[in-house]
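Novice: What follows is the file work03.csv, containing CSV, C-alpha atoms and all ligand atoms:
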chain,number,residue,atom,x,y,z
A,1,MET,CA,133.1,91.7,125.4
A,2,SER,CA,136.6,90.6,125.3
A,3,GLY,CA,136.6,89.5,121.6
A,4,PHE,CA,136.7,92.8,119.9
A,5,ARG,CA,138.5,96.2,120.0
A,6,ILE,CA,136.1,99.0,120.7
A,7,GLY,CA,136.4,102.7,119.7
A,8,PRO,CA,133.9,105.5,120.3
A,9,ALA,CA,131.4,104.2,117.7
A,10,ILE,CA,133.1,101.4,115.9
A,11,ALA,CA,134.3,98.0,117.0
A,12,SER,CA,135.7,95.1,115.1
A,13,GLY,CA,136.7,91.5,115.6
A,14,ASP,CA,137.9,88.6,113.5
A,15,GLY,CA,135.6,88.7,110.5
A,16,TYR,CA,133.1,91.4,111.6
A,17,THR,CA,132.7,95.2,112.1
A,18,ILE,CA,130.2,96.9,114.4
A,19,VAL,CA,129.0,100.5,114.0
A,20,GLU,CA,126.8,102.2,116.6
A,21,ASN,CA,123.8,104.4,115.6
A,22,ALA,CA,124.4,103.5,112.0
A,23,SER,CA,122.6,105.1,109.0
A,24,LEU,CA,120.7,102.6,106.8
A,25,GLN,CA,119.8,105.1,104.1
A,26,GLY,CA,122.5,103.8,101.8
A,27,ARG,CA,121.5,100.2,102.6
A,28,ASN,CA,117.9,100.1,101.3
A,29,THR,CA,116.8,100.6,97.7
A,30,PHE,CA,113.9,102.9,98.7
A,31,HIS,CA,116.7,105.2,100.0
A,32,VAL,CA,114.6,106.1,103.0
A,33,ALA,CA,116.3,107.4,106.1
A,34,ALA,CA,116.5,105.1,109.1
A,35,ARG,CA,119.1,104.2,111.7
A,36,ALA,CA,120.0,101.1,113.6
A,37,ASN,CA,121.3,101.0,117.2
A,38,LEU,CA,124.0,98.6,116.0
A,39,LEU,CA,125.0,97.5,112.5
A,40,ILE,CA,127.2,94.5,112.3
A,41,ASP,CA,128.9,93.5,109.0
A,42,VAL,CA,129.9,89.9,109.1
A,43,ARG,CA,132.6,88.9,106.6
A,44,LYS,CA,133.2,85.4,108.1
A,45,PRO,CA,130.2,83.4,109.1
A,46,ALA,CA,132.4,81.6,111.6
A,47,ALA,CA,132.2,84.8,113.7
A,48,LEU,CA,128.4,84.2,114.3
A,49,GLY,CA,129.2,81.8,117.2
A,50,GLU,CA,131.1,84.6,119.0
A,51,LEU,CA,128.6,87.3,118.1
A,52,PHE,CA,125.6,85.3,119.3
A,53,GLY,CA,127.5,84.6,122.5
A,54,TYR,CA,127.0,88.3,123.4
A,55,ALA,CA,123.8,88.9,125.4
A,56,MET,CA,122.9,92.0,123.4
A,57,LEU,CA,122.5,89.9,120.2
A,58,ARG,CA,120.3,87.5,121.9
A,59,THR,CA,118.1,90.1,123.7
A,60,GLN,CA,117.8,93.0,121.2
A,61,PRO,CA,115.5,92.7,118.1
A,62,LEU,CA,117.6,91.4,115.2
A,63,LEU,CA,117.2,92.2,111.6
A,64,VAL,CA,119.3,90.4,108.9
A,65,LEU,CA,119.9,92.7,106.0
A,66,GLY,CA,121.2,91.9,102.6
A,67,GLU,CA,121.2,94.7,100.0
A,68,GLY,CA,117.9,96.1,101.3
A,69,SER,CA,116.0,95.6,98.0
A,70,ASN,CA,113.0,94.0,99.6
A,71,ILE,CA,112.5,96.0,102.8
A,72,LEU,CA,110.7,99.2,103.7
A,73,PHE,CA,112.0,100.9,106.9
A,74,THR,CA,109.1,102.9,108.4
A,75,ARG,CA,111.1,103.8,111.5
A,76,ASP,CA,114.5,103.4,113.1
A,77,TRP,CA,115.5,99.9,114.0
A,78,SER,CA,115.9,99.8,117.7
A,79,GLY,CA,118.1,96.8,117.8
A,80,VAL,CA,120.8,95.0,115.9
A,81,VAL,CA,121.1,94.9,112.1
A,82,LEU,CA,123.2,92.0,110.9
A,83,SER,CA,124.6,92.0,107.4
A,84,ILE,CA,126.2,88.9,106.0
A,85,ALA,CA,129.0,90.1,103.7
A,86,ALA,CA,130.8,86.8,103.2
A,87,LEU,CA,131.9,86.3,99.5
A,88,GLY,CA,132.9,83.2,97.5
A,89,ILE,CA,131.7,80.9,94.8
A,90,ARG,CA,133.0,77.3,94.7
A,91,VAL,CA,132.1,74.4,92.4
A,92,GLU,CA,131.8,71.4,94.7
A,93,HIS,CA,131.2,68.9,92.0
A,94,ASP,CA,130.6,68.8,88.3
A,95,ASP,CA,130.0,65.6,86.4
A,96,GLY,CA,129.7,67.3,83.0
A,97,GLU,CA,125.9,67.2,83.1
A,98,ARG,CA,125.1,69.1,86.3
A,99,ALA,CA,127.1,70.8,89.0
A,100,ARG,CA,126.8,71.5,92.7
A,101,ILE,CA,127.9,75.1,93.4
A,102,ARG,CA,128.3,76.6,96.9
A,103,VAL,CA,127.8,80.4,97.1
A,104,GLU,CA,128.4,82.5,100.2
A,105,ALA,CA,125.4,84.6,101.3
A,106,GLY,CA,127.0,88.0,100.6
A,107,GLU,CA,127.5,87.4,96.9
A,108,ASN,CA,125.3,89.6,94.7
A,109,TRP,CA,122.6,87.5,93.1
A,110,ASN,CA,122.9,89.0,89.6
A,111,ASP,CA,126.7,88.5,89.6
A,112,PHE,CA,126.2,84.9,90.4
A,113,VAL,CA,123.6,84.4,87.7
A,114,ARG,CA,126.1,86.0,85.2
A,115,TRP,CA,128.9,83.9,86.6
A,116,SER,CA,126.8,80.7,86.1
A,117,LEU,CA,125.8,81.6,82.5
A,118,ALA,CA,129.4,82.5,81.5
A,119,ARG,CA,130.5,79.0,82.6
A,120,GLY,CA,127.9,77.2,80.6
A,121,TYR,CA,125.4,76.3,83.4
A,122,ALA,CA,121.7,76.6,82.6
A,123,GLY,CA,118.6,77.4,84.7
A,124,LEU,CA,119.1,80.9,86.2
A,125,GLU,CA,118.7,82.8,82.9
A,126,ASN,CA,115.1,83.9,83.7
A,127,LEU,CA,116.2,85.2,87.2
A,128,VAL,CA,118.8,87.7,85.8
A,129,LEU,CA,118.8,91.2,87.1
A,130,ILE,CA,116.9,90.5,90.3
A,131,PRO,CA,118.6,92.8,92.9
A,132,GLY,CA,119.9,91.5,96.2
A,133,THR,CA,122.2,88.9,97.7
A,134,VAL,CA,122.4,85.2,97.3
A,135,GLY,CA,121.6,84.8,101.0
A,136,ALA,CA,118.2,86.6,100.6
A,137,ALA,CA,117.2,84.6,97.5
A,138,PRO,CA,115.7,81.6,99.4
A,139,ILE,CA,113.9,83.9,101.9
A,140,GLN,CA,111.0,84.8,99.6
A,141,ASN,CA,111.9,82.1,97.0
A,142,ILE,CA,112.7,84.8,94.4
A,143,GLY,CA,111.0,84.3,91.1
A,144,ALA,CA,110.5,85.9,87.7
A,145,TYR,CA,109.5,85.1,84.2
A,146,GLY,CA,108.1,81.6,85.0
A,147,THR,CA,111.0,80.4,87.2
A,148,GLU,CA,111.6,80.3,90.9
A,149,VAL,CA,114.9,79.9,92.7
A,150,ARG,CA,113.7,76.8,94.6
A,151,GLU,CA,114.1,74.7,91.5
A,152,PHE,CA,117.9,75.1,91.8
A,153,ILE,CA,118.5,75.1,95.5
A,154,ALA,CA,120.0,71.9,96.9
A,155,VAL,CA,120.7,73.0,100.5
A,156,VAL,CA,120.7,76.2,102.5
A,157,GLU,CA,123.4,76.7,105.2
A,158,ALA,CA,122.2,78.9,108.1
A,159,TRP,CA,122.9,79.8,111.7
A,160,ASP,CA,119.9,78.6,113.8
A,161,ARG,CA,119.3,81.1,116.6
A,162,ARG,CA,117.1,78.6,118.3
A,163,SER,CA,119.6,75.8,118.6
A,164,GLY,CA,122.5,78.2,118.7
A,165,GLY,CA,124.6,76.6,115.9
A,166,PRO,CA,124.9,76.0,112.2
A,167,VAL,CA,122.4,73.9,110.3
A,168,THR,CA,122.1,72.6,106.8
A,169,LEU,CA,118.5,72.6,105.5
A,170,SER,CA,117.5,70.5,102.5
A,171,ASN,CA,115.3,71.9,99.7
A,172,SER,CA,112.2,70.3,101.3
A,173,ASP,CA,113.1,71.5,104.8
A,174,CYS,CA,112.9,75.1,103.3
A,175,ALA,CA,109.2,74.6,102.5
A,176,PHE,CA,109.3,76.9,99.5
A,177,ALA,CA,106.1,78.3,98.1
A,178,TYR,CA,105.1,81.3,96.0
A,179,ARG,CA,107.2,84.2,97.4
A,180,ASP,CA,107.4,82.2,100.7
A,181,SER,CA,109.6,79.8,102.6
A,182,LEU,CA,110.3,78.5,106.1
A,183,PHE,CA,112.6,81.5,106.6
A,184,LYS,CA,109.6,83.9,106.2
A,185,ARG,CA,107.4,81.8,108.4
A,186,GLU,CA,110.0,81.4,111.1
A,187,ARG,CA,111.2,85.0,110.8
A,188,ASP,CA,114.2,85.8,113.1
A,189,ARG,CA,115.2,82.2,113.5
A,190,TYR,CA,117.7,81.6,110.7
A,191,VAL,CA,120.7,83.6,109.4
A,192,VAL,CA,121.5,82.3,105.9
A,193,THR,CA,125.2,82.0,105.5
A,194,ALA,CA,125.5,80.1,102.2
A,195,VAL,CA,123.4,78.4,99.5
A,196,GLU,CA,124.3,75.3,97.5
A,197,PHE,CA,122.8,75.2,94.0
A,198,GLU,CA,122.4,72.4,91.6
A,199,LEU,CA,122.7,73.6,88.0
A,200,PRO,CA,122.4,71.5,84.9
A,201,ARG,CA,124.4,72.1,81.7
A,202,THR,CA,121.3,71.8,79.5
A,203,ARG,CA,117.6,72.4,80.3
A,204,PRO,CA,114.6,73.3,78.2
A,205,LEU,CA,114.4,77.0,77.9
A,206,ARG,CA,111.3,78.9,79.3
A,207,ILE,CA,110.6,81.5,76.7
A,208,ASP,CA,106.8,81.4,76.5
A,209,TYR,CA,106.4,83.9,79.2
A,210,ALA,CA,105.8,87.7,79.3
A,211,GLY,CA,107.3,88.6,75.9
A,212,ILE,CA,110.6,86.7,76.1
A,213,ARG,CA,110.0,85.0,72.7
A,214,GLU,CA,109.1,88.4,71.1
A,215,GLU,CA,112.2,90.0,72.6
A,216,LEU,CA,114.4,87.2,71.2
A,217,VAL,CA,112.9,87.8,67.8
A,218,ALA,CA,113.6,91.6,68.1
A,219,MET,CA,117.2,90.7,69.1
A,220,GLY,CA,117.5,88.6,65.9
A,221,VAL,CA,118.1,85.4,67.9
A,222,ALA,CA,116.9,82.4,66.0
A,223,GLU,CA,118.3,79.7,68.3
A,224,PRO,CA,118.0,80.9,71.9
A,225,THR,CA,120.6,79.8,74.5
A,226,PRO,CA,120.6,80.5,78.3
A,227,PRO,CA,122.7,83.6,77.8
A,228,THR,CA,120.5,85.1,75.1
A,229,VAL,CA,117.4,84.3,77.1
A,230,ALA,CA,119.0,86.2,80.0
A,231,GLU,CA,119.7,89.1,77.7
A,232,ALA,CA,116.1,89.2,76.5
A,233,VAL,CA,114.8,89.1,80.1
A,234,ALA,CA,117.3,91.8,81.1
A,235,ARG,CA,116.1,94.0,78.3
A,236,ILE,CA,112.4,93.6,79.2
A,237,ARG,CA,113.1,94.2,82.9
A,238,THR,CA,115.1,97.3,82.2
A,239,ARG,CA,112.2,98.7,80.2
A,240,LYS,CA,109.5,97.7,82.7
A,241,LEU,CA,111.0,98.4,86.1
A,242,PRO,CA,112.4,101.6,87.4
A,243,ASN,CA,116.1,101.4,88.3
A,244,PRO,CA,116.4,101.8,92.1
A,245,ALA,CA,119.7,103.7,91.7
A,246,LEU,CA,117.7,106.4,90.0
A,247,LEU,CA,114.2,106.1,91.6
A,248,GLY,CA,114.0,104.5,95.0
A,249,ASN,CA,111.8,101.3,95.0
A,250,ALA,CA,111.7,97.7,96.1
A,251,GLY,CA,110.4,96.1,92.9
A,252,SER,CA,106.8,94.7,93.2
A,253,PHE,CA,105.4,96.0,96.4
A,254,PHE,CA,102.3,93.8,96.4
A,255,LYS,CA,102.0,90.0,95.9
A,256,ASN,CA,99.5,88.7,93.5
A,257,PRO,CA,96.6,87.8,95.8
A,258,LEU,CA,95.5,84.2,96.2
A,259,VAL,CA,91.7,83.9,96.5
A,260,GLU,CA,89.1,81.1,96.5
A,261,THR,CA,88.3,80.1,92.9
A,262,ALA,CA,84.6,81.0,93.5
A,263,GLN,CA,85.6,84.5,94.3
A,264,ALA,CA,87.9,84.7,91.3
A,265,GLU,CA,85.0,83.5,89.1
A,266,ALA,CA,82.6,86.0,90.6
A,267,LEU,CA,85.1,88.9,89.9
A,268,LEU,CA,85.7,87.6,86.4
A,269,ALA,CA,82.0,87.7,85.6
A,270,VAL,CA,82.0,91.4,86.4
A,271,HIS,CA,85.5,92.3,85.2
A,272,PRO,CA,86.3,90.0,82.2
A,273,GLY,CA,89.7,91.7,81.7
A,274,LEU,CA,91.0,90.6,85.1
A,275,PRO,CA,94.0,88.3,84.6
A,276,VAL,CA,93.5,85.1,86.7
A,277,TRP,CA,95.9,82.2,87.0
A,278,PRO,CA,95.2,78.8,88.6
A,279,ALA,CA,97.2,78.2,91.8
A,280,GLY,CA,96.6,74.8,93.2
A,281,SER,CA,93.0,74.6,94.5
A,282,ARG,CA,92.8,78.4,94.6
A,283,SER,CA,93.3,81.2,92.0
A,284,LYS,CA,95.9,84.0,91.7
A,285,LEU,CA,94.8,87.5,90.6
A,286,SER,CA,96.9,90.2,89.0
A,287,ALA,CA,97.6,92.8,91.7
A,288,ALA,CA,98.8,95.2,89.0
A,289,TRP,CA,95.5,95.0,87.2
A,290,LEU,CA,93.5,95.6,90.4
A,291,ILE,CA,95.6,98.7,91.3
A,292,GLU,CA,95.4,100.1,87.8
A,293,ALA,CA,91.6,99.5,87.6
A,294,CYS,CA,91.3,101.7,90.7
A,295,GLY,CA,93.1,104.5,88.8
A,296,LEU,CA,96.1,104.5,91.2
A,297,LYS,CA,98.9,103.9,88.7
A,298,GLY,CA,101.1,107.0,88.6
A,299,LEU,CA,99.5,108.4,91.8
A,300,GLN,CA,101.8,110.7,93.9
A,301,ASP,CA,101.4,112.0,97.4
A,302,GLY,CA,104.4,114.3,98.2
A,303,ASP,CA,107.4,112.3,97.3
A,304,ALA,CA,105.7,108.9,97.7
A,305,GLY,CA,104.2,107.5,94.6
A,306,ILE,CA,103.0,104.5,92.6
A,307,SER,CA,105.2,104.1,89.5
A,308,ALA,CA,103.7,105.4,86.3
A,309,GLN,CA,105.6,102.6,84.5
A,310,HIS,CA,104.3,99.7,86.7
A,311,ALA,CA,101.3,99.8,89.0
A,312,LEU,CA,102.8,97.3,91.5
A,313,VAL,CA,105.9,99.4,92.2
A,314,LEU,CA,105.9,101.9,95.0
A,315,VAL,CA,108.5,104.6,94.4
A,316,ASN,CA,110.3,107.3,96.4
A,317,HIS,CA,110.5,110.4,94.1
A,318,GLY,CA,113.0,112.0,96.4
A,319,ASN,CA,112.7,112.5,100.2
A,320,ALA,CA,109.7,110.4,101.1
A,321,SER,CA,110.0,108.8,104.5
A,322,GLY,CA,109.3,105.1,105.0
A,323,ALA,CA,106.2,106.1,107.0
A,324,GLN,CA,104.9,108.2,104.0
A,325,LEU,CA,105.5,105.3,101.6
A,326,TRP,CA,103.7,102.9,103.9
A,327,ALA,CA,100.8,105.3,104.3
A,328,LEU,CA,100.4,105.4,100.5
A,329,ALA,CA,100.6,101.5,100.4
A,330,GLU,CA,97.9,101.3,103.0
A,331,ARG,CA,95.7,103.7,100.8
A,332,VAL,CA,96.2,101.4,97.8
A,333,ARG,CA,95.3,98.4,99.9
A,334,ALA,CA,92.1,100.1,101.3
A,335,THR,CA,91.0,101.3,97.8
A,336,VAL,CA,91.5,97.8,96.2
A,337,CYS,CA,89.7,96.1,99.1
A,338,GLU,CA,86.8,98.5,99.0
A,339,ARG,CA,86.4,98.2,95.2
A,340,PHE,CA,87.1,94.4,94.7
A,341,GLY,CA,86.9,92.9,98.2
A,342,VAL,CA,90.5,91.6,97.8
A,343,GLN,CA,93.2,92.0,100.4
A,344,LEU,CA,96.6,92.9,99.0
A,345,GLU,CA,99.6,91.8,101.0
A,346,PRO,CA,103.0,93.6,100.8
A,347,GLU,CA,105.8,91.6,99.3
A,348,PRO,CA,108.7,93.4,101.0
A,349,VAL,CA,109.4,93.3,104.7
A,350,VAL,CA,107.8,96.3,106.4
A,351,ALA,CA,110.1,97.1,109.3
A,401,LIG,C1,113.9,96.8,91.0
A,401,LIG,C2,113.6,95.5,91.8
A,401,LIG,C3,113.1,94.4,91.2
A,401,LIG,C4,112.9,93.2,91.9
A,401,LIG,N1,112.4,92.1,91.2
A,401,LIG,C5,112.2,91.0,91.8
A,401,LIG,C6,111.7,89.8,91.1
A,401,LIG,O1,111.6,89.8,89.9
A,401,LIG,N2,111.5,88.7,91.8
A,401,LIG,C7,111.6,88.6,93.2
A,401,LIG,O2,111.4,87.6,93.7
A,401,LIG,N3,112.0,89.7,93.9
A,401,LIG,C8,112.3,90.9,93.2
A,401,LIG,N4,112.7,92.0,93.9
A,401,LIG,C9,112.9,91.9,95.4
A,401,LIG,C10,114.3,91.6,95.9
A,401,LIG,O3,115.2,91.8,94.8
A,401,LIG,C11,114.5,90.2,96.4
A,401,LIG,O4,113.6,89.9,97.4
A,401,LIG,C12,115.9,89.9,96.9
A,401,LIG,O5,116.1,88.5,97.2
A,401,LIG,C13,116.2,90.7,98.2
A,401,LIG,O6,117.6,90.6,98.4
A,401,LIG,P1,118.3,91.6,99.5
A,401,LIG,O7,119.7,91.1,99.7
A,401,LIG,O8,118.2,93.0,99.0
A,401,LIG,O9,117.4,91.3,100.8
A,401,LIG,P2,116.9,92.4,101.9
A,401,LIG,O10,116.0,93.3,101.2
A,401,LIG,O11,118.1,93.0,102.6
A,401,LIG,O12,116.1,91.4,102.8
A,401,LIG,C14,114.9,90.8,102.4
A,401,LIG,C15,114.5,89.8,103.5
A,401,LIG,O13,115.4,88.8,103.5
A,401,LIG,C16,116.0,88.7,104.8
A,401,LIG,N5,117.4,88.3,104.7
A,401,LIG,C17,118.3,88.9,103.8
A,401,LIG,N6,119.5,88.3,103.9
A,401,LIG,C18,119.3,87.3,104.8
A,401,LIG,C19,120.2,86.2,105.3
A,401,LIG,N7,121.5,86.1,104.9
A,401,LIG,N8,119.7,85.4,106.2
A,401,LIG,C20,118.4,85.5,106.6
A,401,LIG,N9,117.5,86.4,106.2
A,401,LIG,C21,118.0,87.3,105.3
A,401,LIG,C22,115.8,90.0,105.5
A,401,LIG,O14,115.7,89.9,106.9
A,401,LIG,C23,114.4,90.4,104.9
A,401,LIG,O15,113.4,89.7,105.6
A,401,LIG,C24,113.0,93.2,93.3
A,401,LIG,C25,113.5,94.3,93.9
A,401,LIG,C26,113.8,95.5,93.2
A,401,LIG,C27,114.3,96.7,93.9
Go through the file and emit its structure as structure tokens.
Specialist:
Amino acid sequence: MSGFRIGPAIASGDGYTIVENASLQGRNTFHVAARANLLIDVRKPAALGELFGYAMLRTQPLLVLGEGSNILFTRDWSGVVLSIAALGIRVEHDDGERARIRVEAGENWNDFVRWSLARGYAGLENLVLIPGTVGAAPIQNIGAYGTEVREFIAVVEAWDRRSGGPVTLSNSDCAFAYRDSLFKRERDRYVVTAVEFELPRTRPLRIDYAGIREELVAMGVAEPTPPTVAEAVARIRTRKLPNPALLGNAGSFFKNPLVETAQAEALLAVHPGLPVWPAGSRSKLSAAWLIEACGLKGLQDGDAGISAQHALVLVNHGNASGAQLWALAERVRATVCERFGVQLEPEPVVA
């Protein structure tokens, strides 16, 4: 390895730093203890060519980590953890109606949303306050309050580990779906280095969703704008979701399950209160309702718990291990399956 200087535990090269046997506890929002054999912080994506030239990066298990807000470490990572820390936001083109904006993967998502709103761009207001990096946003096609990020992604720039070089993927290449994309289906293949967004100056606001309109009224806003809608969403989110800085969590731990419409209808006949939404030829059920109906909201087992605020959120009350949190999640899944015959799937990556 001629490219970098190496000390007892730390090495660095042009645009990256490597730490051996690194703690990941400060790098996941559950705050669970876990270690990685090697942790590589990449500040310049151009360094990826050199890094992937080293055999250990090609042969050891690789995990790309952003801010760790959608991951549960159940054990140490016996391989390489790669964090893309590249920063930068650049307007590539703006014709007065819409703009093409390129954002490096390491930028914080919420900072970018605030940046876009402050400059008069519309679209991202319903996605305010989602934790994590811009590079992770396409991975599960982040969504909230009736909006998904795929609506604004023009292209994703990534390092393709299969071809061993950089690639630019169009929106349709990314095969976005509900909390899903090509990047989830071909896990380990792509390292996202930058995302190009297309943002309009004006766009119909989406305020008929989960209390936004009522919040705007409470704020005294008669003529909503993207920044005031963002403020309304931020206020609702702050009330509803535990702050990971104070109580370890990864947001919603379970996806809303997709089932055959016949099964949804059969469940509705017995449980008329169950929220069901159409989802193409299938139906989507409220995972929160199913968990709450099993009496699991607020459940605690040691320091692992289900939030008393929100049944979908698994929380670490202090020193729960990732394995303990996962055991509780498995208990929730088994209980819901036994009672309703519905299989819940975790939204975060379980590593
Ligand atoms: C309180 C709270 C609220 C949340 N609310 C929402 C919400 O409303 N909607 C929603 O969709 N999500 C939500 N989430 C989940 C989370 O914020 C998003 O999934 C976010 O995009 C994760 O970003 P991250 O940088 O923390 O990714 P990480 O957790 O570090 O990684 C998540 C996944 O993305 C991969 N990944 C990360 N960066 C890259 C990269 N550069 N290239 C390739 N792969 C990469 C990782 O390997 C992993 O598979 C919430 C989480 C919390 C804690």
Novice: Pull the neighbourhood of (130.8, 87.7, 109.4) for me: all residues within 6 Å in file coordinates, counting only C-alpha atoms, as a PyMOL selection string.
Specialist: chain A and resi 15-16+42-45+47+84
Novice: If you count only C-alpha atoms, which residues fall within 9 Å of Glu260 of chain A, apart from same-chain ones fewer than 6 positions away, as a list in words?
Specialist: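 Listed by chain and then number, they are Ser281, Arg282, Ser283 and Lys284 of chain A.
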Novice: Could you report the residues within 8 Å of ligand LIG 401 (chain A), using only C-alpha atoms and all ligand atoms, as a PyMOL selection string?
Specialist: chain A and resi 27-30+63-71+83-84+105-106+108-109+127+129-145+148+158+179+183-184+187-188+190-194+241-244+248-252+348-349
Novice: May I ask which of the residues A:Leu82, A:Val342, A:Ala33, A:Leu246 is the closest one to Ala264 of chain A, counting all atoms listed in the file?
Specialist: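 Comparing A:Leu82, A:Val342, A:Ala33, A:Leu246 against Ala264 of chain A, the winner is A:Val342.
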Novice: Leaving out Asn256 of chain A and any residue of its chain fewer than 6 positions from it, which residues lie within 12 Å of it when counting all atoms listed in the file, given as a list in words?
Specialist: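 So, after excluding close chain neighbours, the residues are Tyr178, Arg179, Pro275, Val276, Trp277, Pro278, Ala279, Ser283, Lys284, Leu285, Ser286, Ala287, Ala288, Trp289, Leu290, Ile291, Leu312, Val342, Gln343, Leu344, Glu345, Pro346 and Glu347 of chain A.
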Novice: Which residue gives the smallest distance to Pro226 of chain A among A:Pro166, A:Pro272, A:Gly96, A:Pro200, with all atoms listed in the file counted?
Specialist: A:Pro200
Novice: Of the candidates A:Val167, A:Leu72, A:Ala85, A:Ile212, which one gets nearest to Leu314 of chain A if we count all atoms listed in the file?
Specialist: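 Distance minimum relative to Leu314 of chain A lands on A:Leu72.
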Novice: Ranking A:Leu117, A:Ala210, A:Ala34, A:Leu24 by minimum distance to Ser321 of chain A and counting only C-alpha atoms, which one comes first?
Specialist: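 The shortest atom-to-atom distance to Ser321 of chain A comes from A:Ala34.
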Novice: Using atom CA of Ala232 of chain A and atom CA of Ala118 of chain A as the two end points, give the distance in Å to one decimal.
Specialist: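 Separation between atom CA of Ala232 of chain A and atom CA of Ala118 of chain A: 15.7 Å.
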